[in-house]
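Here the structure is laid out as structure tokens; the discussion comes afterwards.
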Amino acid sequence: MSDKIEKWLETNTFHHGEFWDVLNLVREKEKKGLKISLCIPTLNEEKTIGKEIVILKSELVERYPLIDEFAVIDSGSEDKTLEVAASFGADTYLAADILPEVGDKRGKGENLWKAIYQLEGDIIIYVDADIKNIHPRFVTGIVAPLINNDTIKYCKAFYDRPMAYSSGIRSSGGGRVTEILIRPLFSLFFPELTSLIQPLSGEFAVRREVLERIPFPIGYGVETAHILDVYREWGLEAFGQCDLDQRIHRNQSTNALGKMSFGILQTFINRLKSYGMVDKLPELATIYRQFQAEGNRYEQLTREIVEYERPPMITIPAYREKYGIED
Amino acid sequence: MSSKFNSILDTVHPHRERLHSVRELLLANAMMIGEIPAPTGHEADRITFLTNRYTEDGLQNISIDEAGNGMAVIPGKKGDNNILVCAHADTVFSPSVDHAMSVTAKAIMGPGIGDNSLGLATIVTLPEILKRLEIGFDDNLILLGCTRSLGRGDLGGIRFFLENAKHPIRAGVSVEGIQLGRLSYSAIGMLRGEISVHMPYGYDWAKFGATDSVAILTKVVQRIMEIPIPMQPPTQIIFGSISGGTSFGTRPTSANLRFEIRSEKAGMAAVLKEKIIDIIEETENTSNADIQFSSVAERQTGGLDYGHPMVKTMRKILETLEVKPRIEPSVGELSELIERGIPSVTLGLTRGENKNEFNESIDIQPIFGGIAQLIALLQSIDGGLCDE
């Protein structure tokens with residue numbers, strides 16, 4: 001297990017700095033005849049959407065034609081998200097207007113799903129709209145592994161979350177929901193998936209052949225469901241992940257994270273049911289897997305955690321004797 | 001007006017419209033530059049951004065000099081002369097300030113976006129702009145991102161460049177993000193000074209009349225304000241920053257004042273400097289405090305006349321754009337250019353607000369007129385229309 005994860009980390013984990021030569025990526029994309037679409041799902045993002053469009057369009061459409069199609073798919077914003085997006089030349093769509101015959105459901109997953117119908121790329125890149133420090137690396141870092149490596153089908157972003165650390169080693173983790181919910185669940189049921197450092201990150205690039213074959217929860221569980229379904233169908237080798245350094249965004253309240261966790265847990269348990277794992281739970285693993293980074297090299301930290309249980313005190317003879325409890 | 005100049009003026013409006021095609025490139029450059037912290041003396045990352053862009057654009061003679069200035073050359077068809085287009089790269093903001101920019105359909109907000117991320121972005125984008133507008137020059141165009149411009153930097157970047165420039169410069173244009181209509185063609189006499197008050201070790205706080213450093217510095221400020229200042233030619237003393245002390249009830253042992261004298265009258269800054277030094281010496285003798293004066297930067301008055309062909313040309317270009325000229329002398333890069341006898345002006349590119357505040361902002365739409373004026377001026381210089 002650990003060997004496989006270590007090898008995967010070595011071959012399928014990247015740093016955006018490896019892909020600084022965007023011109024080379026464009027050439028490779030053209031050589032392979034790939035069409036690439038970028039989708040930004042939005043809901044009331046007027047404060048950050050303009051900058052994302054200006055910078056990504058300038059750098060990756062005008063300066064280097066890496067992105068062939070650039071779209072904002074909106075869930076019905078009540079602010080000026082669509083007005084700002086359109087003013088900088090993005091194609092804007094209301095999710096409700098795409099595939100109207102299947103109805104309209106409210107949620108980020110709905111926008112991601114409808115993008116598959118609306119956009120024509122062989123690869124679709126999804127980038128959240130709330131990134132304050134947007135930079136072309138948020139796109140090049142996750143699409144480059146798919147352009148360069150035909151076996152990678154789904155590439156996730158992960159970020160440096162500033163933490164106090166001394167020497168050259170730092171702990172490298174996901175967000176709070178990842179560390180408290182996802183990583184323990186994956187460690188128990190799908191240990192190989194713990195090698196994804198930030199499975200919930202909102203930036204990922206996927207091949208159409210994968211997107212069109214997986215279901216989409218429309219709410220909080222979409223990223224988790226994707227990972228489980230892609231893993232089950234194509235295995236760990238189908239994943240890539242790329243370090244994009246820092247991402248500055250809105251910090252969510254603990255209440256909001258609680259709601260998110262509830263949705264993710266529903267999705268996770270539904271997946272266990274559909275995989276037939278509920279009645280036949282596997283031997284539960286006792287190894288908990290986290291990460292540390294040294295420079296751009298990542299390695300797993302494994303720790304055995306065995307939840308030993310004591311019996312009720314009343315079953316202990318000495319206790320019964322002390323308190324005069326008769327059989 | 002010559003027919004050559006008329007034909008340049010005829011292109012100002014069409015250029016302004018066609019410049020919309022570079023909107024995303026320009027705004028992206030402005031925001032990416034704006035998000036790189038660059039306090040005076042620490043502009044290296046911004047200059048690297050600039051030179052990387054020039055490398056991508058295939059420019060020639062791209063270099064970073066010993067003062068950290070970033071430079072590239074767009075070679076002219078003849079290349080007999082050189083025109084300098086410069087913008088300062090430093091800001092007044094420390095790296096700890098949140099440099100994130102935000103953009104709406106009409107404006108960009110963020111610290112330093114007007115002073116001078118937009119100016120620097122314009123010289124970064126200029127090669128692509130000229131390519132798209134299919135404009136070439138007979139003269140070489142030297143594009144320069146200057147370091148160490150503000151405050152204690154004292155124009156160190158441009159001074160180093162001019163002292164070491166290998167080729168003579170025919171004319172200079174300094175580009176500032178704000179305000180559109182700004183037309184600076186003269187350098188204002190300036191003295192930038194700092195006054196520090198320190199209470200000596202063993203100072204007798206119990207003595208009658210004993211006072212602290214802030215009170216003493218305040219007396220100095222009061223005395224400076226009593227100096228008669230001529231209304232004409234305009235002269236100002238600006239108290240830019242004052243600091244001292246740590247709490248409500250602790251006597252401060254040191255205090256510091258930063259100020260700037262600006263005067264359009266030759267020699268006035270030096271006269272006021274002498275008066276301020278007299279005040280300091282007198283206060284020092286009567287208070288037993290240690291009071292130090294240091295001169296951080298000085299500039300001489302000088303510049304072009306209102307009727308100089310370059311100034312007349314610029315006025316006409318602004319008139320064509322229906323922008324009212326805002327004539328104001330400069331203490332920036334222009335001072336160094338003028339001191340060396342290089343005919344030069346400083347231009348602003350767009351309207352903006354809250355300069356040097358955290359909520360600094362610029363309007364997007366006027367930028368295209370601002371760049372069109374810059375191009376028209378460069379064409380005029382190139383065509384010999386700004387020569388005396």
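Identifiers in this document derive from the order of the structure tokens: chains are assigned A, B, ..., residues are numbered from 1 separately in each chain, and ligands are numbered from 1 in order of occurrence.
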
So that I can check the surroundings of stretch 177-194 of chain B, please list as an MDAnalysis selection string every protein, DNA and RNA residue that reaches within 6 Å of it, counting only C-alpha atoms and ignoring chain neighbours fewer than 3 positions away.
chainID B and resid 114:116 118:119 257:264 269 293:304 323:331 335 345:352

Each residue of chain B lying at most 8 Å from chain A should get a row with its shortest atom-to-atom pair and the distance in Å to one decimal, counting only C-alpha atoms; could you produce that, ordered by chain and increasing number, as a tab-separated table?
```
residue	atom	partner	partner_atom	distance
B:Glu24	CA	A:Ser58	CA	5.2
B:Leu25	CA	A:Ser58	CA	4.9
B:Leu27	CA	A:Val54	CA	7.0
B:Ala28	CA	A:Ile55	CA	4.8
B:Ala100	CA	A:Asn133	CA	6.5
B:Met101	CA	A:Lys51	CA	7.7
B:Ser102	CA	A:Lys51	CA	6.1
B:Val103	CA	A:Gly50	CA	5.4
B:Thr104	CA	A:Gly50	CA	6.0
B:Ala105	CA	A:Val84	CA	5.2
```

Save the residues we just selected, C-alpha atoms, as a PDB file, in the first residue's frame?
```pdb
ATOM      1  CA  GLU B  24      -7.576  42.568 -20.879  1.00  0.00           C
ATOM      2  CA  LEU B  25      -3.824  42.466 -21.520  1.00  0.00           C
ATOM      3  CA  LEU B  27      -5.615  45.423 -17.039  1.00  0.00           C
ATOM      4  CA  ALA B  28      -4.164  41.977 -16.307  1.00  0.00           C
ATOM      5  CA  ALA B 100      -5.065  42.056  -3.651  1.00  0.00           C
ATOM      6  CA  MET B 101      -6.678  43.994  -6.493  1.00  0.00           C
ATOM      7  CA  SER B 102     -10.353  43.837  -7.354  1.00  0.00           C
ATOM      8  CA  VAL B 103     -12.092  44.880 -10.529  1.00  0.00           C
ATOM      9  CA  THR B 104     -15.599  45.875 -11.526  1.00  0.00           C
ATOM     10  CA  ALA B 105     -16.833  46.690 -15.003  1.00  0.00           C
TER      11      ALA B 105
END
```

Which of stretch 269-386 of chain B fall in strand (DSSP E or B), as a count of residues only:
27

Which neighbours of stretch 53-68 of chain B fall inside 7 Å, counting only C-alpha atoms, when residues of the same chain fewer than 5 positions from it are skipped, and could you give them as a tab-separated table (two decimals) with C-alpha atoms, in the first residue's frame?
```tsv
chain	number	residue	atom	x	y	z
B	44	ALA	CA	13.07	43.45	-7.82
B	73	VAL	CA	14.54	48.75	-26.37
B	74	ILE	CA	12.08	48.80	-29.24
B	124	VAL	CA	5.01	46.75	-20.06
B	147	THR	CA	13.46	51.82	-8.96
B	157	GLY	CA	16.93	54.56	-10.13
B	160	PHE	CA	21.72	55.93	-12.01
```

What lies within 6 Å of stretch 32-36 of chain A using only C-alpha atoms, ignoring chain neighbours under 6 positions off, as a PyMOL selection string?
chain A and resi 67-68+121-123

What's the separation between atom CA of A:Ala225 and atom CA of A:Pro41, in Å to one decimal place?
17.8 Å

In Å, with one decimal, what is the gap from atom CA of A:Val306 to atom CA of A:Thr224?
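According to the coordinates, atom CA of A:Val306 and atom CA of A:Thr224 are separated by 25.6 Å.
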
Residue contacts of stretch 226-242 of chain A (10 Å, only C-alpha atoms) excluding same-chain residues fewer than 4 positions away, as a CSV table (one decimal) with N, CA and C atoms, in the first residue's frame:
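Below you can see part-v5.csv, which holds the result:
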```csv
chain,number,residue,atom,x,y,z
A,4,LYS,N,2.9,1.8,-3.1
A,4,LYS,CA,2.1,2.3,-4.3
A,4,LYS,C,1.8,3.8,-4.1
A,5,ILE,N,1.4,4.2,-2.9
A,5,ILE,CA,1.2,5.6,-2.7
A,5,ILE,C,2.4,6.4,-2.9
A,8,TRP,N,3.0,6.7,-6.5
A,8,TRP,CA,2.0,7.6,-7.2
A,8,TRP,C,2.4,9.1,-6.8
A,9,LEU,N,2.8,9.3,-5.6
A,9,LEU,CA,3.1,10.7,-5.2
A,9,LEU,C,4.3,11.2,-6.0
A,11,THR,N,5.2,10.2,-9.1
A,11,THR,CA,4.9,10.3,-10.6
A,11,THR,C,3.7,11.2,-10.9
A,12,ASN,N,2.8,11.3,-10.0
A,12,ASN,CA,1.5,12.0,-10.4
A,12,ASN,C,1.3,13.3,-9.5
A,13,THR,N,2.2,13.7,-8.7
A,13,THR,CA,2.1,14.9,-8.0
A,13,THR,C,3.0,15.9,-8.6
A,14,PHE,N,2.5,17.1,-8.9
A,14,PHE,CA,3.3,18.1,-9.6
A,14,PHE,C,3.3,19.4,-8.8
A,15,HIS,N,4.2,20.3,-9.3
A,15,HIS,CA,4.2,21.7,-8.8
A,15,HIS,C,4.0,22.6,-10.0
A,16,HIS,N,3.2,23.6,-9.9
A,16,HIS,CA,2.9,24.5,-11.0
A,16,HIS,C,4.1,25.0,-11.7
A,17,GLY,N,5.2,25.1,-10.9
A,17,GLY,CA,6.5,25.7,-11.5
A,17,GLY,C,7.0,24.8,-12.6
A,18,GLU,N,6.6,23.5,-12.7
A,18,GLU,CA,7.1,22.7,-13.7
A,18,GLU,C,6.5,23.1,-15.1
A,137,ARG,N,-1.4,30.2,-13.1
A,137,ARG,CA,-1.0,28.9,-12.6
A,137,ARG,C,-2.3,28.1,-12.1
A,138,PHE,N,-3.3,28.8,-11.7
A,138,PHE,CA,-4.5,28.1,-11.2
A,138,PHE,C,-5.1,27.2,-12.4
A,140,THR,N,-3.0,26.5,-15.5
A,140,THR,CA,-1.9,25.7,-16.2
A,140,THR,C,-1.5,24.6,-15.3
A,141,GLY,N,-1.5,24.7,-14.0
A,141,GLY,CA,-1.0,23.7,-13.1
A,141,GLY,C,-1.9,22.4,-13.1
A,142,ILE,N,-3.2,22.6,-13.4
A,142,ILE,CA,-4.1,21.4,-13.3
A,142,ILE,C,-4.4,20.9,-14.7
A,143,VAL,N,-4.2,21.7,-15.8
A,143,VAL,CA,-4.4,21.1,-17.1
A,143,VAL,C,-3.2,20.5,-17.7
A,144,ALA,N,-2.0,21.0,-17.3
A,144,ALA,CA,-0.8,20.5,-17.9
A,144,ALA,C,-0.6,19.0,-17.7
A,145,PRO,N,-0.9,18.4,-16.5
A,145,PRO,CA,-0.7,17.0,-16.4
A,145,PRO,C,-1.6,16.2,-17.4
A,146,LEU,N,-2.7,16.7,-17.7
A,146,LEU,CA,-3.6,16.0,-18.7
A,146,LEU,C,-3.1,16.2,-20.1
A,149,ASN,N,0.2,13.9,-20.2
A,149,ASN,CA,0.2,12.5,-19.8
A,149,ASN,C,-1.2,11.9,-20.1
A,150,ASP,N,-1.2,11.0,-21.1
A,150,ASP,CA,-2.5,10.5,-21.6
A,150,ASP,C,-3.2,9.6,-20.5
A,151,THR,N,-2.4,9.1,-19.6
A,151,THR,CA,-3.1,8.2,-18.6
A,151,THR,C,-3.8,9.0,-17.5
A,152,ILE,N,-3.4,10.2,-17.3
A,152,ILE,CA,-4.1,11.0,-16.2
A,152,ILE,C,-5.4,11.6,-16.8
A,153,LYS,N,-6.5,11.4,-16.0
A,153,LYS,CA,-7.8,11.8,-16.5
A,153,LYS,C,-8.4,12.9,-15.7
A,154,TYR,N,-7.9,13.0,-14.5
A,154,TYR,CA,-8.6,13.9,-13.5
A,154,TYR,C,-7.5,14.5,-12.6
A,155,CYS,N,-7.3,15.8,-12.8
A,155,CYS,CA,-6.2,16.4,-12.0
A,155,CYS,C,-6.8,17.5,-11.0
A,156,LYS,N,-6.4,17.3,-9.8
A,156,LYS,CA,-6.9,18.2,-8.7
A,156,LYS,C,-5.8,19.2,-8.3
A,157,ALA,N,-6.2,20.4,-7.9
A,157,ALA,CA,-5.3,21.3,-7.3
A,157,ALA,C,-5.1,21.1,-5.8
A,158,PHE,N,-3.9,21.4,-5.3
A,158,PHE,CA,-3.8,21.5,-3.9
A,158,PHE,C,-3.0,22.7,-3.6
A,159,TYR,N,-3.1,23.2,-2.3
A,159,TYR,CA,-2.5,24.5,-2.0
A,159,TYR,C,-1.6,24.4,-0.7
A,186,PHE,N,-11.4,8.3,4.2
A,186,PHE,CA,-10.6,7.7,3.2
A,186,PHE,C,-9.6,6.7,3.9
A,190,PHE,N,-10.9,3.8,1.9
A,190,PHE,CA,-10.2,3.8,0.6
A,190,PHE,C,-8.8,4.4,0.9
A,192,GLU,N,-6.0,4.3,-0.4
A,192,GLU,CA,-5.1,4.9,-1.5
A,192,GLU,C,-5.5,6.3,-1.8
A,193,LEU,N,-6.8,6.6,-1.6
A,193,LEU,CA,-7.3,8.0,-1.9
A,193,LEU,C,-6.7,9.0,-0.9
A,195,SER,N,-3.9,9.7,-0.6
A,195,SER,CA,-2.8,10.4,-1.3
A,195,SER,C,-3.2,11.7,-2.0
A,196,LEU,N,-4.5,11.9,-2.1
A,196,LEU,CA,-4.9,13.2,-2.6
A,196,LEU,C,-4.9,14.2,-1.5
A,197,ILE,N,-4.1,15.2,-1.7
A,197,ILE,CA,-3.8,16.1,-0.5
A,197,ILE,C,-5.0,17.0,-0.2
A,198,GLN,N,-5.6,17.5,-1.3
A,198,GLN,CA,-6.8,18.3,-1.0
A,198,GLN,C,-8.0,17.8,-1.9
A,199,PRO,N,-8.6,16.8,-1.5
A,199,PRO,CA,-9.6,16.2,-2.4
A,199,PRO,C,-10.8,17.1,-2.7
A,200,LEU,N,-11.0,18.1,-1.8
A,200,LEU,CA,-12.2,19.0,-2.0
A,200,LEU,C,-11.9,20.3,-2.7
A,204,PHE,N,-10.1,21.8,-10.6
A,204,PHE,CA,-9.7,20.5,-11.2
A,204,PHE,C,-10.0,20.5,-12.7
A,205,ALA,N,-9.2,19.7,-13.4
A,205,ALA,CA,-9.4,19.5,-14.8
A,205,ALA,C,-9.7,18.1,-15.1
A,206,VAL,N,-10.6,17.8,-16.0
A,206,VAL,CA,-11.1,16.4,-16.3
A,206,VAL,C,-11.3,16.2,-17.8
A,210,VAL,N,-14.4,11.1,-19.1
A,210,VAL,CA,-14.7,10.7,-17.7
A,210,VAL,C,-15.9,11.5,-17.2
A,211,LEU,N,-16.0,12.8,-17.5
A,211,LEU,CA,-17.1,13.6,-17.0
A,211,LEU,C,-18.4,13.1,-17.5
A,213,ARG,N,-19.4,10.2,-18.0
A,213,ARG,CA,-19.7,8.9,-17.5
A,213,ARG,C,-19.9,8.8,-16.0
A,214,ILE,N,-19.8,9.9,-15.3
A,214,ILE,CA,-20.0,9.9,-13.8
A,214,ILE,C,-21.2,10.8,-13.4
A,215,PRO,N,-21.9,10.3,-12.4
A,215,PRO,CA,-23.0,11.2,-11.9
A,215,PRO,C,-22.5,12.4,-11.1
A,216,PHE,N,-23.4,13.4,-11.0
A,216,PHE,CA,-23.0,14.6,-10.3
A,216,PHE,C,-23.9,14.9,-9.2
A,217,PRO,N,-23.6,14.7,-7.9
A,217,PRO,CA,-24.4,15.3,-6.8
A,217,PRO,C,-24.4,16.8,-7.1
A,221,GLY,N,-21.4,17.4,-2.1
A,221,GLY,CA,-20.8,16.1,-2.2
A,221,GLY,C,-20.1,15.9,-3.6
A,222,VAL,N,-20.2,16.9,-4.5
A,222,VAL,CA,-19.8,16.6,-5.9
A,222,VAL,C,-18.3,16.2,-6.0
A,267,THR,N,-23.3,11.9,0.8
A,267,THR,CA,-22.7,11.4,-0.5
A,267,THR,C,-21.9,10.2,-0.3
A,268,PHE,N,-21.0,10.2,0.8
A,268,PHE,CA,-20.1,9.2,1.0
A,268,PHE,C,-20.9,7.9,1.4
A,271,ARG,N,-22.5,6.4,-1.6
A,271,ARG,CA,-21.5,5.6,-2.4
A,271,ARG,C,-21.2,4.3,-1.8
A,272,LEU,N,-21.1,4.2,-0.5
A,272,LEU,CA,-20.8,2.9,0.2
A,272,LEU,C,-22.0,1.9,-0.1
A,275,TYR,N,-21.9,0.8,-3.8
A,275,TYR,CA,-20.8,-0.1,-4.1
A,275,TYR,C,-21.0,-1.4,-3.3
```

Run DSSP on the backbone and give me the residues of stretch 42-144 of chain B it puts in helix (DSSP H, G or I), as number ranges by chain.
B: 44-56, 113-132
